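Worksheet for the structure shown next.
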Amino acid sequence: MRRELLVPKLGLTMAEGTLVEWMVKPGDAFRADQSIFVIESEKAATEIPAEADGTLLEITAELGATLAVGAVIGFWDDLAAGASEALPELATAAAAPLAALVVPQAATSTLPALRAPGERLLATPLARRLALARCIDLSSVEGSGPRGRIRAGDLPANGHKPAAVSPSTSVAPPVASGPLRAPTATEQTIARRLVTAKQEIPHFYLSVEAEVSALQALRSELNAAQADVRFTLNHFILAAVGRALAQMPGVNRVWTTDGILSLPKADVGMAVHTERGLMVPVLRDVGRLSLAQLAREAASAASRAQAGRLGVTEMAGGAITVSNAGMHDVTYMTSIINPGQAMILGIGSVRSVFRPNDQDQPALRREMGMVLSADHRVLDGVTALQLLKCIVAALERPLGLLVA
């Protein structure tokens with residue numbers, strides 16, 4: 001039976017998505033749960049699996065098109081017995097509603113300013129890329145999306161051409177030659193989100209060291225005493241961050257287009273390196289979990305991330321992420337805040353150093369460098385430093401992390 005392929009709703013606030021990749025072509029057969037196309041929302045690019053075995057019949061939406069949730073992007077045959085043959089007339093009739101979704105392009109590339117100075121400009125990722133390529137000022141474009149969001153179809157077909165470079169003007173050296181490949185949908189999304197974060201979020205940074213001799217000793221004792229859960233330093237760090245957020249709920253907030261949003265639970269993101277790129281599953285209510293519960297949930301989330309099975313909702317929320325590079329022999333790591341969050345804590349390697357003790361005598365210490373990147377729209381330096389000191393205190397007196 002001929003059935004429609006629709007743009008899915010990947011989150012509570014999702015109103016539209018961009019079709020960025022087809023993983024099968026018309027005529028290809030696929031199995032249930034096999035990924036068949038990729039939809040990009042504001043949060044991530046997500047591979048959409050087939051709901052049942054079938055064959056792709058027709059594609060009716062162009063790659064790069066921004067479409068409303070529920071829009072038809074193609075047709076497939078569910079191989080139901082006794083189903084009637086798909087008719088060309090049916091394809092034409094079914095595709096008609098899709099045409100109504102296409103926003104006509106503007107007639108001219110020169111428009112009056114539509115926004116007041118300082119007003120936030122909302123645009124889809126594709127619209128931003130096209131505007132950059134066409135030299136179009138987005139502030140002069142009227143958006144047709146929700147809350148005036150600019151879509152790709154709102155842009156003029158031809159933008160302003162850059163001024164020609166005179167012969168006397170110095171030019172950039174040629175790009176080095178070598179193999180070139182197109183980035184995957186996931187790589188494109190990660191790159192775009194981090195560039196946006198670095199450009200739009202006013203970062204500031206605080207660095208400290210935590211003395212972790214007691215922490216390392218406690219971890220070794222716990223792992224030697226039982227075999228059910230293998231604790232890592234990262235489990236203790238996640239626990240310390242969760243407890244600190246629970247103790248200082250005023251910092252558990254993020255900047256949104258509508259205002260500063262306070263979060264009710266101490267959710268903490270955990271950066272995981274995968275073959276597909278850096279993924280950040282968000283662990284829920286970390287401040288209330290026991291260390292053993294946290295270790296199990298962290299291991300499960302990391303496994304799903306490595307397998308590419310994280311859902312969009314599993315990577316949403318939270319005010320802070322922990323990014324641990326300590327296994328790579330680095331003293332400090334200054335990280336970029338994930339879009340939608342307010343902080344990220346970069347973790348370095350544990351190093352042996354000599355510091356003067358209370359008698360001014362050299363004493364061997366095991367120190368771990370940490371850098372907190374914070375959003376200055378939400379936090380000031382003193383408040384962020386108080387949070388960082390609370391995390392350090394929990395790591396330096398780790399027995400408190402064993403109490404749920």
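As shown in the structure tokens, the chain order sets the letters A, B, ...; within each chain, residues go from 1, and ligands are also counted from 1 in the order they appear.
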
- Output as a VMD selection string all residues of region 232-383 of chain A that backbone DSSP marks as alpha helix (DSSP H). chain A and resid 233 to 247 291 to 307 381 to 383

- Leaving out Glu47 (chain A) and any residue of its chain fewer than 6 positions from it, which residues lie within 7 Å of it when counting only C-alpha atoms, given as a PyMOL selection string? chain A and resi 35+37-39

- How far is it from CA of Leu364 (chain A) to CA of Val212 (chain A), in Å with one decimal?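 CA of Val212 (chain A) lies at a distance of 11.6 Å from CA of Leu364 (chain A).
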
- Near region 373-381 of chain A, counting only C-alpha atoms, which residues have an atom at most 6 Å away, once you skip same-chain residues fewer than 5 positions from it, shown as a PyMOL selection string? chain A and resi 202-205+342-344

- Residue with smallest distance to Gly17 (chain A) - pool A:Ile136, A:Ala45, A:Met1, A:Val280, counting only C-alpha atoms: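 Nearest to Gly17 (chain A): A:Ala45.
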
- Find the distance between CA of Gln361 (chain A) and CA of Ser213 (chain A) and write it in Å to one decimal.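 It comes out at 18.1 Å.
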
- Note on the structure: Judged by only C-alpha atoms, the minimum distance to Leu19 (chain A) among A:Asp137, A:Asp78, A:Glu314, A:Glu40 is found for A:Glu40

- Query: Using only C-alpha atoms, which of A:Leu388, A:Leu294, A:Val382, A:Ile260 sits nearest Gly340 (chain A)?
  - Reply: A:Ile260

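Residues within 6 Å of Phe354 (chain A), counting only C-alpha atoms and excluding same-chain residues fewer than 6 positions away, are A:Pro362, A:Ala363, A:Leu364, A:Arg365.
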
- Task: Between A:Ser207, A:Val229, A:Met270, A:Ala123, single out the one closest to Val371 (chain A), counting only C-alpha atoms.
- Result: A:Ser207

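Among A:Ala301, A:Ala71, A:Ala176, A:Ile337, the residue with the shortest atom-to-atom distance to Arg193 (chain A), counting only C-alpha atoms, is A:Ile337.
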
- Message: Quick one: residues within 9 Å of Phe236 (chain A), only C-alpha atoms, excluding same-chain residues fewer than 4 positions away - as a PyMOL selection string?
- Response: chain A and resi 215+219+231-232+240-241+291+295+394-395+398+401

Output for the residues just chosen: N, CA, C and O atoms as a compact mmCIF listing (two decimals), in the first residue's frame:
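Result went into out-v4.txt, see below:
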# COMPACT_ATOMS: atom_id res chain seq x y z
N LEU A 215 40.54 11.32 46.58
CA LEU A 215 39.56 10.81 45.62
C LEU A 215 40.09 9.56 44.91
O LEU A 215 39.37 8.57 44.76
N ARG A 219 38.40 5.84 45.20
CA ARG A 219 37.99 5.12 43.99
C ARG A 219 38.63 3.73 43.93
O ARG A 219 37.96 2.74 43.63
N PHE A 231 33.91 2.20 39.12
CA PHE A 231 33.86 3.65 39.21
C PHE A 231 35.06 4.28 38.51
O PHE A 231 36.18 3.76 38.56
N THR A 232 34.82 5.39 37.84
CA THR A 232 35.87 6.18 37.22
C THR A 232 35.90 7.56 37.87
O THR A 232 34.96 7.95 38.58
N ALA A 240 29.87 15.40 41.74
CA ALA A 240 30.21 16.67 42.38
C ALA A 240 29.49 17.84 41.72
O ALA A 240 29.01 18.75 42.39
N VAL A 241 29.40 17.81 40.39
CA VAL A 241 28.70 18.87 39.67
C VAL A 241 27.20 18.84 40.00
O VAL A 241 26.59 19.89 40.26
N LEU A 291 25.99 7.36 43.92
CA LEU A 291 27.14 7.24 43.04
C LEU A 291 27.02 6.00 42.15
O LEU A 291 27.37 6.03 40.96
N ALA A 295 26.83 5.99 38.10
CA ALA A 295 27.80 5.25 37.29
C ALA A 295 27.09 4.37 36.27
O ALA A 295 27.52 4.27 35.11
N ALA A 394 33.86 19.26 46.97
CA ALA A 394 33.29 17.90 46.95
C ALA A 394 34.31 16.88 46.47
O ALA A 394 34.36 15.75 46.98
N LEU A 395 35.15 17.25 45.52
CA LEU A 395 36.16 16.32 45.01
C LEU A 395 37.31 16.13 46.00
O LEU A 395 37.89 15.04 46.07
N PRO A 398 35.86 13.51 49.16
CA PRO A 398 34.97 12.68 48.34
C PRO A 398 34.03 11.77 49.12
O PRO A 398 33.07 11.26 48.53
N LEU A 401 30.37 12.34 48.67
CA LEU A 401 29.69 11.95 47.44
C LEU A 401 29.09 10.54 47.54
O LEU A 401 28.31 10.16 46.67

- Straight-line distance linking CA of Ala225 (chain A) with CA of Arg296 (chain A), stated in Å to one decimal: 17.1 Å

- Message: Show me, as a ChimeraX atom specification, the residues that have an atom within 12 Å of Gly308 (chain A) when counting only C-alpha atoms, minus same-chain residues fewer than 4 positions from it.
- Response: /A:35,45-48,186,272-281,301-304,312,314

Would you write out those residues with N, CA and C atoms, as a short mmCIF file (atom, residue, chain, number, x, y, z; two decimals), in the first residue's frame?
data_model
loop_
_atom_site.label_atom_id
_atom_site.label_comp_id
_atom_site.auth_asym_id
_atom_site.auth_seq_id
_atom_site.Cartn_x
_atom_site.Cartn_y
_atom_site.Cartn_z
N SER A 35 17.57 3.32 9.06
CA SER A 35 17.52 4.76 8.86
C SER A 35 17.33 5.05 7.37
N ALA A 45 20.91 16.82 14.18
CA ALA A 45 20.51 16.11 12.98
C ALA A 45 20.20 14.67 13.39
N THR A 46 19.02 14.18 13.04
CA THR A 46 18.56 12.90 13.53
C THR A 46 18.22 11.98 12.35
N GLU A 47 18.76 10.77 12.39
CA GLU A 47 18.42 9.76 11.39
C GLU A 47 17.05 9.19 11.74
N ILE A 48 16.15 9.18 10.78
CA ILE A 48 14.78 8.72 11.02
C ILE A 48 14.63 7.29 10.52
N THR A 186 25.67 14.95 10.72
CA THR A 186 26.00 15.16 12.13
C THR A 186 27.16 16.14 12.28
N VAL A 272 30.75 12.76 25.14
CA VAL A 272 31.21 11.41 24.77
C VAL A 272 31.77 11.48 23.35
N HIS A 273 33.02 11.07 23.19
CA HIS A 273 33.63 11.03 21.85
C HIS A 273 33.19 9.76 21.15
N THR A 274 32.65 9.92 19.91
CA THR A 274 32.21 8.78 19.12
C THR A 274 32.77 8.91 17.71
N GLU A 275 32.61 7.86 16.91
CA GLU A 275 33.04 7.91 15.51
C GLU A 275 32.24 8.93 14.71
N ARG A 276 31.03 9.25 15.17
CA ARG A 276 30.17 10.20 14.47
C ARG A 276 30.43 11.64 14.92
N GLY A 277 31.29 11.82 15.92
CA GLY A 277 31.55 13.15 16.47
C GLY A 277 31.26 13.18 17.95
N LEU A 278 31.33 14.35 18.53
CA LEU A 278 31.12 14.51 19.97
C LEU A 278 29.62 14.54 20.27
N MET A 279 29.16 13.62 21.10
CA MET A 279 27.76 13.55 21.52
C MET A 279 27.65 13.90 23.00
N VAL A 280 26.54 14.50 23.39
CA VAL A 280 26.38 14.93 24.78
C VAL A 280 25.05 14.43 25.32
N PRO A 281 24.98 13.19 25.80
CA PRO A 281 23.77 12.76 26.51
C PRO A 281 23.66 13.51 27.84
N ALA A 301 24.38 5.60 29.02
CA ALA A 301 24.30 6.72 28.08
C ALA A 301 25.49 6.74 27.13
N ALA A 302 26.68 6.47 27.66
CA ALA A 302 27.88 6.44 26.82
C ALA A 302 27.79 5.32 25.79
N SER A 303 27.25 4.18 26.19
CA SER A 303 27.10 3.06 25.25
C SER A 303 26.13 3.40 24.13
N ARG A 304 25.01 4.05 24.46
CA ARG A 304 24.04 4.44 23.43
C ARG A 304 24.64 5.50 22.51
N VAL A 312 16.81 12.59 20.44
CA VAL A 312 16.97 14.03 20.60
C VAL A 312 16.68 14.45 22.04
N GLU A 314 17.21 12.84 24.69
CA GLU A 314 18.29 12.44 25.58
C GLU A 314 19.46 13.42 25.56
#
